[in-house]
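Chemist: Would you mind keeping the following structure in view while I ask a few things?
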Number of protein chains: 2
Amino acid sequence: MSFGAAVAGLTAPDATAAAEAAALHDRLAKPRGALGRLETVGVRLAAIAGVCPPPVPAPVVVAVFAGDHGVLAEGVTPWPQEVTAQMVAAFCDGGAAVNVLARHAGAAVIVVDVGVATDLPSAPGLLLRKVRPGTANLAAGPAMTVDEARQALDVGASVAAHAVVGGARCLVTGDMGIGNTTASAALIAALTGRSAAEVTGRGTGIDDPTWQRKVSVVERALARSVSGPLEVLASVGGLEIAALAGFIIGGASARVPVVVDGVVALAGLMVAAALAPACVDFCVAGHRSTEPGATVALEHLGMDPLLDLGMRLGEGTGALLAVPLVQAASKVLREMATLDGAGVTGKG
Amino acid sequence: MSFGAAVAGLTAPDATAAAEAAALHDRLAKPRGALGRLETVGVRLAAIAGVCPPPVPAPVVVAVFAGDHGVLAEGVTPWPQEVTAQMVAAFCDGGAAVNVLARHAGAAVIVVDVGVATDLPSAPGLLLRKVRPGTANLAAGPAMTVDEARQALDVGASVAAHAVVGGARCLVTGDMGIGNTTASAALIAALTGRSAAEVTGRGTGIDDPTWQRKVSVVERALARSVSGPLEVLASVGGLEIAALAGFIIGGASARVPVVVDGVVALAGLMVAAALAPACVDFCVAGHRSTEPGATVALEHLGMDPLLDLGMRLGEGTGALLAVPLVQAASKVLREMATLDGAGVTGKG
């Protein structure tokens, strides 16, 4: 499925099913509202599925989109570019954090090369969908062309559609790309109007001079006047971020909940929300990354993440940890007795 | 096992295993510290088990201790006392929130009558260990005798020891007792020196006049001068809270991690910490309940909970939701590749 078809297929979540879920919560064997966020997530799942109680969001697929970033030429991180490809190999070998947490959550891992700088050997679970071998340096000029951004959006939408055709009923965003917190910061700043210093973080853990350099790189990228979300994406984004935006819209178009990870995924969601606002209602924010851009994006999107564990790894790790919570929200609606059914006396 | 034997068996967590886990985290295929709280929990699990990497905390047992409260005579809640026994029946039938979330976490549920006001019929999974049929009204005088408090501590310690003998390697605290947020508030105030108004919450959801009444009840209870944690427990506590304190110390004594739920469990942990301080290092705070006493207790104990989902149900529900996170912390240490092993180039 192309990105355009996914956008065209987007419909609003089901308000009737949402209202039914809220009413059901009030009849369950507990004080009203006592399950807090688990109740609001349950209402959202009913709205997404269009039925109350909502189905348990499973099987789960986490798609890890990988791409490289020309902005590494500016010295924004101490990690060399080849680490992107090395981590893709680790994802295929099953030993990275995303693999461990995916197994724990019962999720299948799909790795997608949408823009790694080097040619990758084929491997089980690896989709070769390279749009170009890394972006151009976004500090010096556009990261990619608008056409390339559109191709990367198509890759993401297509991966989501295939996962759902294959049976997935819960999608999780994952990412890998040395340098991608710089592109994410630039995108979030461009789409929220916040300053480079407010959205730029320490990524994998950089020192003060490197952080200053990263802020000035984001400032230079933002200085180019660009209008329209697709154009902003092409100017200061990344290939894996574009693919994530397409993946989110693809999941929403298929009416499957999308659990969103940290700052890179949120940059993708910001783009997706700008291109197709209805997709946000099909997402659940998995966690709050320590990257400041994540909190700026969450506020802008009006989302309250399920977890806040001081994490900043990416790969989809924070979102995968939230998956059992999302599934629990469905099971509460499906399996709990009502006050009447349990023979519990109401309040005096 | 008696409570006294559990206290005598308590040893310090293993600092060497903790140091090994911290060092292993720094070699795994990720930036240092990037998994945030998952790393600190992993270090704690290694310290508890005395080995690195630590075993996965499973099988899991949640023990739901149930008791009634004479303080209901003061009108601190609109829910009638018989709801405690009705909810115990619901736990045995498998339809309560704790059952749903226990199944989701792969946990077995044990229900323990340590002080329900009425005689309960025997049921599968229900342990009849009643110390007395509900406490006395703590606003008017001591809730129980010191000897009864000690008996309830014994019940909790014995349940923990039996669960571990039966194979449990992760214990979860659960509670049921209409009125028990009043006793919890009084205990937390007494053991932290905070005022009644600071620790008293709205429990199942009470209105302003009821809250005012609840605060003044806690104030009257605190006005009795009592010294010593066991004496405070007997004066203003509850039978299920005493049992929870014994359960926590029993788990710690068996060197098994104890995932602690909301305000009632934290009141039990405050008592346990006063009686046997070393037990705190064997606990993980599962979540932050919306009850203000929970936050006061967490601060006093120096604990940062894993979840903050606006929940206030009790039963062990918040702690059960944290169990997959605790297990993930172990799996990261057990299953992740190292940077060297994954062939990942270090920072330039």
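Naming scheme: A, B, ... for chains in displayed order of the structure tokens; residues 1 onward per chain; ligands 1 onward as shown.
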Within 10 Å of range 32-39 of chain A, which residues of range 185-254 of chain B come that close, and what is the closest atom pair and distance in Å for each? Count only C-alpha atoms and give it as JSON lines.
Modeler:
```
{"residue": "B:Gly203", "atom": "CA", "partner": "A:Ala34", "partner_atom": "CA", "distance": 9.2}
{"residue": "B:Thr204", "atom": "CA", "partner": "A:Ala34", "partner_atom": "CA", "distance": 7.3}
{"residue": "B:Gly205", "atom": "CA", "partner": "A:Arg32", "partner_atom": "CA", "distance": 7.8}
```
Chemist: Can you write out the residues you just picked, keeping N, CA and C atoms, as an mmCIF file, in the first residue's frame?
Modeler:
```
data_model
loop_
_atom_site.group_PDB
_atom_site.id
_atom_site.type_symbol
_atom_site.label_atom_id
_atom_site.label_comp_id
_atom_site.auth_asym_id
_atom_site.auth_seq_id
_atom_site.Cartn_x
_atom_site.Cartn_y
_atom_site.Cartn_z
ATOM 1 N N GLY B 203 -9.498 7.618 48.869
ATOM 2 C CA GLY B 203 -9.772 6.176 48.827
ATOM 3 C C GLY B 203 -10.543 5.776 47.586
ATOM 4 N N THR B 204 -11.693 5.170 47.770
ATOM 5 C CA THR B 204 -12.504 4.713 46.648
ATOM 6 C C THR B 204 -13.194 5.876 45.939
ATOM 7 N N GLY B 205 -13.033 7.102 46.463
ATOM 8 C CA GLY B 205 -13.633 8.258 45.788
ATOM 9 C C GLY B 205 -14.679 8.934 46.646
#
```
Chemist: Could you list, with a cut-off of 8 Å and counting only C-alpha atoms, the residues of chain B near chain A, each shown with its nearest atom pair and the distance in Å rounded to one decimal, rows sorted by chain and ascending number, as a tab-separated table?
Modeler:
```
residue	atom	partner	partner_atom	distance
B:Ala29	CA	A:Ala96	CA	6.4
B:Lys30	CA	A:Leu313	CA	7.0
B:Pro31	CA	A:Thr204	CA	5.6
B:Arg32	CA	A:Gly205	CA	7.8
B:Gly33	CA	A:Met311	CA	8.0
B:Ala34	CA	A:Leu313	CA	5.0
B:Leu35	CA	A:Met311	CA	4.8
B:Gly36	CA	A:Gly310	CA	4.5
B:Arg37	CA	A:Leu309	CA	5.1
B:Leu38	CA	A:Leu309	CA	7.3
B:Pro78	CA	A:Gly348	CA	5.1
B:Trp79	CA	A:Lys347	CA	4.4
B:Pro80	CA	A:Gly348	CA	6.2
B:Glu82	CA	A:Thr345	CA	7.6
B:Val83	CA	A:Val344	CA	6.0
B:Gln86	CA	A:Val344	CA	5.7
B:Met87	CA	A:Val344	CA	7.0
B:Ala90	CA	A:Ala342	CA	5.9
B:Gly95	CA	A:Ala337	CA	4.9
B:Ala96	CA	A:Met336	CA	5.6
B:Ala97	CA	A:Met336	CA	6.0
B:Val100	CA	A:Glu335	CA	6.4
B:Leu101	CA	A:Ala328	CA	6.7
B:His104	CA	A:Ala328	CA	6.8
B:Thr204	CA	A:Pro31	CA	5.6
B:Gly205	CA	A:Pro31	CA	7.2
B:Leu306	CA	A:Leu309	CA	7.0
B:Leu307	CA	A:Leu307	CA	6.4
B:Asp308	CA	A:Leu307	CA	7.6
B:Leu309	CA	A:Arg37	CA	5.1
B:Gly310	CA	A:Gly36	CA	4.5
B:Met311	CA	A:Gly36	CA	4.5
B:Arg312	CA	A:Ala34	CA	5.0
B:Leu313	CA	A:Ala34	CA	5.0
B:Leu321	CA	A:Leu325	CA	6.7
B:Pro324	CA	A:Pro324	CA	7.4
B:Leu325	CA	A:Leu321	CA	6.7
B:Ala328	CA	A:Leu101	CA	6.7
B:Lys331	CA	A:Val100	CA	6.8
B:Val332	CA	A:Val100	CA	6.4
B:Glu335	CA	A:Val100	CA	6.4
B:Met336	CA	A:Gly95	CA	5.0
B:Ala337	CA	A:Gly95	CA	4.8
B:Ala342	CA	A:Ala90	CA	5.9
B:Gly343	CA	A:Gln86	CA	6.8
B:Val344	CA	A:Gln86	CA	5.7
B:Thr345	CA	A:Val83	CA	6.2
B:Gly346	CA	A:Trp79	CA	6.7
B:Lys347	CA	A:Trp79	CA	4.5
B:Gly348	CA	A:Pro78	CA	5.1
```
Chemist: Give me the residues within 9 Å of Ala274 in chain B as a list in words, counting only C-alpha atoms and dropping any in the same chain fewer than 2 places off.
Modeler: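 Contacts, with the query itself left out: Leu191, Gly228, Pro229, Leu230, Leu269, Met270, Val271, Ala272, Ala276 and Pro277 of chain B.
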Chemist: After a least-squares superposition on chain A over all sequentially paired C-alpha atoms, what is chain B as a short mmCIF file (atom, residue, chain, number, x, y, z; two decimals) with C-alpha atoms, in the first residue's frame?
Modeler:
```cif
data_model
loop_
_atom_site.label_atom_id
_atom_site.label_comp_id
_atom_site.auth_asym_id
_atom_site.auth_seq_id
_atom_site.Cartn_x
_atom_site.Cartn_y
_atom_site.Cartn_z
CA MET B 1 -0.02 -0.01 0.00
CA SER B 2 1.26 3.47 -0.84
CA PHE B 3 1.37 6.27 1.68
CA GLY B 4 -1.27 8.17 -0.32
CA ALA B 5 -3.66 5.20 -0.20
CA ALA B 6 -3.11 4.93 3.56
CA VAL B 7 -4.01 8.58 4.05
CA ALA B 8 -7.08 8.17 1.85
CA GLY B 9 -8.15 5.13 3.90
CA LEU B 10 -7.98 6.93 7.26
CA THR B 11 -11.29 7.20 9.09
CA ALA B 12 -12.13 8.63 12.49
CA PRO B 13 -12.09 6.36 15.54
CA ASP B 14 -15.47 5.01 16.65
CA ALA B 15 -17.06 7.34 19.22
CA THR B 16 -19.89 4.91 19.96
CA ALA B 17 -17.53 2.07 20.90
CA ALA B 18 -15.54 4.53 23.01
CA ALA B 19 -18.69 5.60 24.89
CA GLU B 20 -19.64 1.96 25.44
CA ALA B 21 -16.20 1.23 26.90
CA ALA B 22 -16.42 4.23 29.25
CA ALA B 23 -19.87 3.09 30.40
CA LEU B 24 -18.67 -0.50 30.87
CA HIS B 25 -15.75 0.70 33.04
CA ASP B 26 -18.28 2.34 35.34
CA ARG B 27 -20.11 -0.96 35.85
CA LEU B 28 -17.02 -3.11 36.55
CA ALA B 29 -16.27 -4.46 40.04
CA LYS B 30 -14.22 -1.47 41.23
CA PRO B 31 -14.73 2.17 42.20
CA ARG B 32 -15.26 4.44 39.18
CA GLY B 33 -12.02 5.55 37.58
CA ALA B 34 -9.88 3.49 39.98
CA LEU B 35 -7.82 1.97 37.16
CA GLY B 36 -6.72 5.41 35.94
CA ARG B 37 -4.84 5.41 32.65
CA LEU B 38 -5.69 1.76 32.05
CA GLU B 39 -9.29 2.92 31.60
CA THR B 40 -8.49 5.70 29.12
CA VAL B 41 -6.32 3.33 27.08
CA GLY B 42 -9.17 0.80 27.07
CA VAL B 43 -11.54 3.45 25.75
CA ARG B 44 -9.06 4.32 23.01
CA LEU B 45 -8.66 0.66 22.03
CA ALA B 46 -12.43 0.35 21.72
CA ALA B 47 -12.53 3.47 19.53
CA ILE B 48 -9.75 2.09 17.33
CA ALA B 49 -11.26 -1.37 16.92
CA GLY B 50 -14.81 -0.03 16.63
CA VAL B 51 -16.10 -2.55 19.14
CA CYS B 52 -16.51 -2.88 22.92
CA PRO B 53 -14.88 -4.69 24.56
CA PRO B 54 -11.91 -4.23 22.22
CA PRO B 55 -9.88 -7.26 21.07
CA VAL B 56 -6.55 -7.84 22.82
CA PRO B 57 -3.89 -6.02 20.75
CA ALA B 58 -1.94 -9.07 19.54
CA PRO B 59 -0.07 -10.40 17.61
CA VAL B 60 2.44 -7.57 18.00
CA VAL B 61 4.97 -6.50 15.36
CA VAL B 62 7.77 -4.02 16.01
CA ALA B 63 9.26 -2.54 12.83
CA VAL B 64 12.75 -1.11 13.24
CA PHE B 65 13.47 1.37 10.43
CA ALA B 66 17.17 2.06 9.89
CA GLY B 67 18.83 4.96 8.09
CA ASP B 68 22.01 6.99 8.12
CA HIS B 69 22.50 10.71 8.43
CA GLY B 70 24.83 12.97 6.46
CA VAL B 71 24.77 15.40 9.39
CA LEU B 72 27.39 13.18 11.06
CA ALA B 73 29.92 15.27 9.10
CA GLU B 74 29.21 18.05 11.62
CA GLY B 75 30.47 16.01 14.59
CA VAL B 76 27.12 15.75 16.42
CA THR B 77 27.92 12.37 17.99
CA PRO B 78 31.01 10.39 18.98
CA TRP B 79 29.56 7.18 17.51
CA PRO B 80 30.77 6.37 13.96
CA GLN B 81 28.31 5.87 11.11
CA GLU B 82 29.10 2.18 10.69
CA VAL B 83 27.34 1.49 14.01
CA THR B 84 23.97 1.81 12.23
CA ALA B 85 24.78 -1.18 9.99
CA GLN B 86 26.40 -3.06 12.88
CA MET B 87 23.26 -2.64 14.98
CA VAL B 88 21.09 -3.79 12.06
CA ALA B 89 23.20 -6.97 12.04
CA ALA B 90 22.68 -7.27 15.81
CA PHE B 91 18.89 -6.92 15.32
CA CYS B 92 19.02 -9.75 12.78
CA ASP B 93 21.10 -11.85 15.19
CA GLY B 94 18.57 -11.32 18.00
CA GLY B 95 20.95 -9.92 20.62
CA ALA B 96 20.01 -6.24 20.74
CA ALA B 97 17.80 -4.65 23.39
CA VAL B 98 14.87 -4.49 20.97
CA ASN B 99 15.12 -8.25 20.40
CA VAL B 100 15.19 -9.05 24.12
CA LEU B 101 12.23 -6.80 24.87
CA ALA B 102 10.30 -7.97 21.79
CA ARG B 103 10.64 -11.61 22.87
CA HIS B 104 9.50 -10.57 26.35
CA ALA B 105 6.42 -8.82 24.89
CA GLY B 106 5.71 -11.64 22.45
CA ALA B 107 6.41 -9.33 19.50
CA ALA B 108 7.92 -10.20 16.13
CA VAL B 109 10.77 -7.96 14.93
CA ILE B 110 10.96 -6.68 11.35
CA VAL B 111 14.09 -4.70 10.41
CA VAL B 112 13.80 -2.34 7.44
CA ASP B 113 16.78 -0.77 5.69
CA VAL B 114 15.26 2.40 4.35
CA GLY B 115 18.51 4.36 4.14
CA VAL B 116 21.59 2.73 5.64
CA ALA B 117 24.76 4.18 4.09
CA THR B 118 26.27 0.82 3.11
CA ASP B 119 24.83 -2.12 1.22
CA LEU B 120 23.58 -4.73 3.67
CA PRO B 121 23.67 -8.48 3.07
CA SER B 122 20.22 -10.05 3.08
CA ALA B 123 19.25 -11.66 6.36
CA PRO B 124 16.13 -13.25 7.83
CA GLY B 125 13.75 -10.59 9.09
CA LEU B 126 15.54 -7.81 7.17
CA LEU B 127 13.63 -5.94 4.47
CA LEU B 128 15.88 -4.17 1.94
CA ARG B 129 13.92 -1.05 1.01
CA LYS B 130 16.73 1.48 0.71
CA VAL B 131 15.53 4.79 -0.76
CA ARG B 132 19.04 6.25 -0.75
CA PRO B 133 22.27 5.40 1.13
CA GLY B 134 21.83 7.91 3.97
CA THR B 135 20.63 11.48 3.91
CA ALA B 136 22.65 14.50 2.85
CA ASN B 137 24.01 16.79 5.57
CA LEU B 138 20.93 18.69 6.79
CA ALA B 139 23.11 21.47 8.17
CA ALA B 140 24.34 22.31 4.67
CA GLY B 141 21.17 21.73 2.62
CA PRO B 142 18.06 19.54 2.33
CA ALA B 143 18.49 16.06 3.77
CA MET B 144 16.69 14.52 0.80
CA THR B 145 14.35 15.44 -2.03
CA VAL B 146 10.60 15.61 -1.54
CA ASP B 147 10.29 12.63 -3.85
CA GLU B 148 12.68 10.60 -1.69
CA ALA B 149 10.72 11.58 1.42
CA ARG B 150 7.56 10.35 -0.30
CA GLN B 151 9.27 7.06 -1.22
CA ALA B 152 10.30 6.55 2.41
CA LEU B 153 6.72 7.28 3.54
CA ASP B 154 5.58 4.62 1.06
CA VAL B 155 8.03 2.11 2.55
CA GLY B 156 6.61 2.69 6.04
CA ALA B 157 2.98 2.52 4.95
CA SER B 158 3.68 -0.65 3.00
CA VAL B 159 5.43 -2.34 5.96
CA ALA B 160 2.44 -1.53 8.19
CA ALA B 161 -0.06 -2.84 5.64
CA HIS B 162 1.89 -6.07 5.13
CA ALA B 163 2.21 -6.61 8.88
CA VAL B 164 -1.56 -6.26 9.32
CA VAL B 165 -2.27 -8.55 6.36
CA GLY B 166 0.08 -11.02 8.07
CA GLY B 167 -2.05 -10.91 11.21
CA ALA B 168 -0.56 -8.12 13.35
CA ARG B 169 -3.10 -6.35 15.53
CA CYS B 170 -0.64 -4.10 17.38
CA LEU B 171 2.20 -2.19 15.72
CA VAL B 172 5.24 -0.82 17.55
CA THR B 173 7.61 1.80 16.14
CA GLY B 174 11.34 1.16 16.19
CA ASP B 175 14.31 3.06 14.78
CA MET B 176 18.06 2.91 14.34
CA GLY B 177 20.30 5.58 12.86
CA ILE B 178 23.42 7.18 14.28
CA GLY B 179 22.66 10.92 14.19
CA ASN B 180 18.90 10.58 14.16
CA THR B 181 18.27 12.54 17.35
CA THR B 182 19.68 15.58 15.51
CA ALA B 183 17.20 15.18 12.65
CA SER B 184 14.41 14.50 15.16
CA ALA B 185 15.22 17.66 17.09
CA ALA B 186 15.20 19.72 13.89
CA LEU B 187 11.86 18.25 12.79
CA ILE B 188 10.23 18.76 16.18
CA ALA B 189 11.49 22.35 16.35
CA ALA B 190 10.30 23.06 12.82
CA LEU B 191 6.83 21.58 13.43
CA THR B 192 6.26 23.12 16.88
CA GLY B 193 8.03 26.48 16.50
CA ARG B 194 10.22 25.75 19.53
CA SER B 195 13.89 26.75 19.58
CA ALA B 196 16.78 24.41 18.77
CA ALA B 197 18.07 24.59 22.33
CA GLU B 198 14.68 23.55 23.74
CA VAL B 199 14.40 20.38 21.67
CA THR B 200 18.02 19.25 21.34
CA GLY B 201 19.21 16.57 23.72
CA ARG B 202 22.27 14.51 24.41
CA GLY B 203 21.26 11.50 22.28
CA THR B 204 23.55 8.59 23.08
CA GLY B 205 25.25 10.74 25.74
CA ILE B 206 27.30 13.63 24.37
CA ASP B 207 29.40 16.21 26.20
CA ASP B 208 28.74 19.96 26.43
CA PRO B 209 30.79 21.10 23.40
CA THR B 210 29.17 18.42 21.22
CA TRP B 211 25.73 19.47 22.47
CA GLN B 212 26.48 23.11 21.60
CA ARG B 213 27.55 22.01 18.13
CA LYS B 214 24.37 19.94 17.77
CA VAL B 215 22.21 22.94 18.73
CA SER B 216 23.93 25.17 16.17
CA VAL B 217 23.52 22.47 13.51
CA VAL B 218 19.78 22.37 14.23
CA GLU B 219 19.67 26.18 14.09
CA ARG B 220 21.34 26.20 10.67
CA ALA B 221 18.90 23.59 9.39
CA LEU B 222 15.93 25.58 10.69
CA ALA B 223 17.24 28.77 9.06
CA ARG B 224 16.21 27.41 5.64
CA SER B 225 12.71 28.65 4.98
CA VAL B 226 10.50 25.70 4.04
CA SER B 227 6.74 25.36 4.17
CA GLY B 228 4.56 22.25 4.19
CA PRO B 229 5.13 19.12 6.29
CA LEU B 230 6.45 17.02 3.40
CA GLU B 231 8.91 19.76 2.50
CA VAL B 232 10.02 20.13 6.15
CA LEU B 233 10.50 16.36 6.36
CA ALA B 234 12.69 16.40 3.24
CA SER B 235 14.65 19.42 4.42
CA VAL B 236 15.59 18.43 7.98
CA GLY B 237 14.32 14.86 8.46
CA GLY B 238 15.67 11.36 8.02
CA LEU B 239 14.75 8.40 5.88
CA GLU B 240 13.81 6.21 8.84
CA ILE B 241 11.79 9.06 10.33
CA ALA B 242 9.85 9.45 7.09
CA ALA B 243 9.25 5.70 7.04
CA LEU B 244 8.02 5.85 10.64
CA ALA B 245 5.50 8.53 9.67
CA GLY B 246 4.24 6.31 6.87
CA PHE B 247 4.16 3.28 9.18
CA ILE B 248 2.04 5.14 11.74
CA ILE B 249 -0.44 6.32 9.11
CA GLY B 250 -0.50 2.83 7.62
CA GLY B 251 -1.36 1.30 11.00
CA ALA B 252 -4.02 3.92 11.67
CA SER B 253 -5.50 3.36 8.23
CA ALA B 254 -5.78 -0.36 9.03
CA ARG B 255 -7.42 0.57 12.40
CA VAL B 256 -4.66 -1.11 14.40
CA PRO B 257 -3.22 0.57 17.52
CA VAL B 258 0.32 1.89 17.08
CA VAL B 259 2.49 2.07 20.21
CA VAL B 260 4.95 4.90 19.71
CA ASP B 261 8.50 4.90 21.12
CA GLY B 262 10.77 7.86 21.97
CA VAL B 263 11.99 11.04 20.34
CA VAL B 264 12.69 9.63 16.85
CA ALA B 265 9.30 7.93 16.67
CA LEU B 266 7.65 11.10 17.98
CA ALA B 267 9.35 13.13 15.24
CA GLY B 268 7.79 10.66 12.81
CA LEU B 269 4.43 11.03 14.53
CA MET B 270 4.69 14.85 14.35
CA VAL B 271 5.15 14.53 10.58
CA ALA B 272 2.31 11.99 10.34
CA ALA B 273 0.03 14.25 12.39
CA ALA B 274 0.82 17.20 10.12
CA LEU B 275 0.06 15.12 7.02
CA ALA B 276 -2.99 13.25 8.35
CA PRO B 277 -4.19 14.52 11.76
CA ALA B 278 -6.65 11.65 12.37
CA CYS B 279 -3.79 9.17 12.77
CA VAL B 280 -2.94 10.47 16.26
CA ASP B 281 -6.08 8.91 17.74
CA PHE B 282 -4.81 5.46 16.72
CA CYS B 283 -1.55 5.89 18.65
CA VAL B 284 -0.55 5.26 22.25
CA ALA B 285 2.57 7.02 23.54
CA GLY B 286 4.63 4.19 25.01
CA HIS B 287 7.10 6.16 27.10
CA ARG B 288 8.72 9.52 27.79
CA SER B 289 12.31 9.50 26.56
CA THR B 290 14.78 11.70 28.41
CA GLU B 291 15.37 13.64 25.15
CA PRO B 292 13.80 17.09 25.61
CA GLY B 293 12.33 16.95 22.10
CA ALA B 294 10.21 13.98 23.17
CA THR B 295 8.47 16.00 25.87
CA VAL B 296 7.98 18.94 23.48
CA ALA B 297 6.40 16.61 20.90
CA LEU B 298 4.21 14.85 23.47
CA GLU B 299 2.90 18.20 24.71
CA HIS B 300 2.27 19.43 21.20
CA LEU B 301 0.37 16.23 20.36
CA GLY B 302 -1.55 16.26 23.66
CA MET B 303 -0.28 12.79 24.59
CA ASP B 304 0.54 11.43 28.03
CA PRO B 305 2.94 8.49 27.80
CA LEU B 306 2.40 5.27 29.77
CA LEU B 307 5.97 4.96 31.03
CA ASP B 308 8.62 7.37 32.25
CA LEU B 309 11.66 5.23 33.02
CA GLY B 310 14.53 7.56 32.11
CA MET B 311 15.20 5.65 28.90
CA ARG B 312 16.85 7.02 25.75
CA LEU B 313 17.87 3.99 23.69
CA GLY B 314 15.33 4.03 20.89
CA GLU B 315 15.04 0.86 18.74
CA GLY B 316 11.43 0.61 19.99
CA THR B 317 12.51 -0.45 23.47
CA GLY B 318 10.35 1.98 25.46
CA ALA B 319 7.26 1.25 23.39
CA LEU B 320 7.74 -2.52 23.73
CA LEU B 321 7.78 -2.18 27.51
CA ALA B 322 4.38 -0.45 27.27
CA VAL B 323 2.79 -3.23 25.21
CA PRO B 324 1.73 -5.36 28.22
CA LEU B 325 -0.01 -2.28 29.68
CA VAL B 326 -1.92 -1.70 26.45
CA GLN B 327 -2.95 -5.35 26.34
CA ALA B 328 -3.98 -5.23 30.02
CA ALA B 329 -6.29 -2.30 29.23
CA SER B 330 -8.16 -4.52 26.78
CA LYS B 331 -8.30 -7.50 29.13
CA VAL B 332 -9.82 -5.40 31.93
CA LEU B 333 -12.78 -4.62 29.65
CA ARG B 334 -13.01 -8.18 28.34
CA GLU B 335 -12.56 -10.21 31.51
CA MET B 336 -13.56 -8.25 34.61
CA ALA B 337 -16.86 -9.00 36.33
CA THR B 338 -19.36 -6.19 36.81
CA LEU B 339 -20.39 -5.05 40.30
CA ASP B 340 -23.79 -6.69 39.69
CA GLY B 341 -22.28 -9.87 38.30
CA ALA B 342 -19.92 -10.20 41.26
CA GLY B 343 -22.74 -9.55 43.74
CA VAL B 344 -21.01 -6.50 45.15
CA THR B 345 -23.14 -4.04 47.07
CA GLY B 346 -22.96 -0.51 45.68
CA LYS B 347 -22.04 2.55 47.69
CA GLY B 348 -24.37 3.26 50.63
#
```
Chemist: Where does DSSP see strand (DSSP E) in range 131-228 of chain B, if you list the residues as a list in words?
Modeler: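 The strand (DSSP E) residues within range 131-228 of chain B come out as Cys170, Leu171, Val172, Thr173, Gly174, Asp175 and Met176 of chain B.
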Chemist: Save out the residues we just selected, N, CA and C atoms, as a PDB file, in the first residue's frame.
Modeler:
```pdb
ATOM      1  N   CYS B 170       9.038 -14.457  42.719  1.00  0.00           N
ATOM      2  CA  CYS B 170       8.659 -13.045  42.701  1.00  0.00           C
ATOM      3  C   CYS B 170       7.348 -12.946  43.469  1.00  0.00           C
ATOM      4  N   LEU B 171       7.325 -12.121  44.507  1.00  0.00           N
ATOM      5  CA  LEU B 171       6.116 -11.952  45.307  1.00  0.00           C
ATOM      6  C   LEU B 171       5.522 -10.572  45.035  1.00  0.00           C
ATOM      7  N   VAL B 172       4.198 -10.520  45.022  1.00  0.00           N
ATOM      8  CA  VAL B 172       3.485  -9.267  44.769  1.00  0.00           C
ATOM      9  C   VAL B 172       2.493  -9.056  45.904  1.00  0.00           C
ATOM     10  N   THR B 173       2.447  -7.837  46.430  1.00  0.00           N
ATOM     11  CA  THR B 173       1.543  -7.546  47.548  1.00  0.00           C
ATOM     12  C   THR B 173       0.159  -7.170  47.042  1.00  0.00           C
ATOM     13  N   GLY B 174      -0.863  -7.741  47.665  1.00  0.00           N
ATOM     14  CA  GLY B 174      -2.234  -7.364  47.353  1.00  0.00           C
ATOM     15  C   GLY B 174      -3.026  -7.151  48.635  1.00  0.00           C
ATOM     16  N   ASP B 175      -4.113  -6.411  48.552  1.00  0.00           N
ATOM     17  CA  ASP B 175      -4.890  -6.116  49.763  1.00  0.00           C
ATOM     18  C   ASP B 175      -6.345  -5.871  49.412  1.00  0.00           C
ATOM     19  N   MET B 176      -7.207  -6.160  50.361  1.00  0.00           N
ATOM     20  CA  MET B 176      -8.628  -5.814  50.253  1.00  0.00           C
ATOM     21  C   MET B 176      -9.144  -5.529  51.657  1.00  0.00           C
TER      22      MET B 176
END
```
Chemist: Quick check for you: according to DSSP on this backbone, which residues of range 108-221 of chain B are classed as alpha helix (DSSP H)? Reply as an MDAnalysis selection string.
Modeler: chainID B and resid 146:165 180:192 196:199 208:221
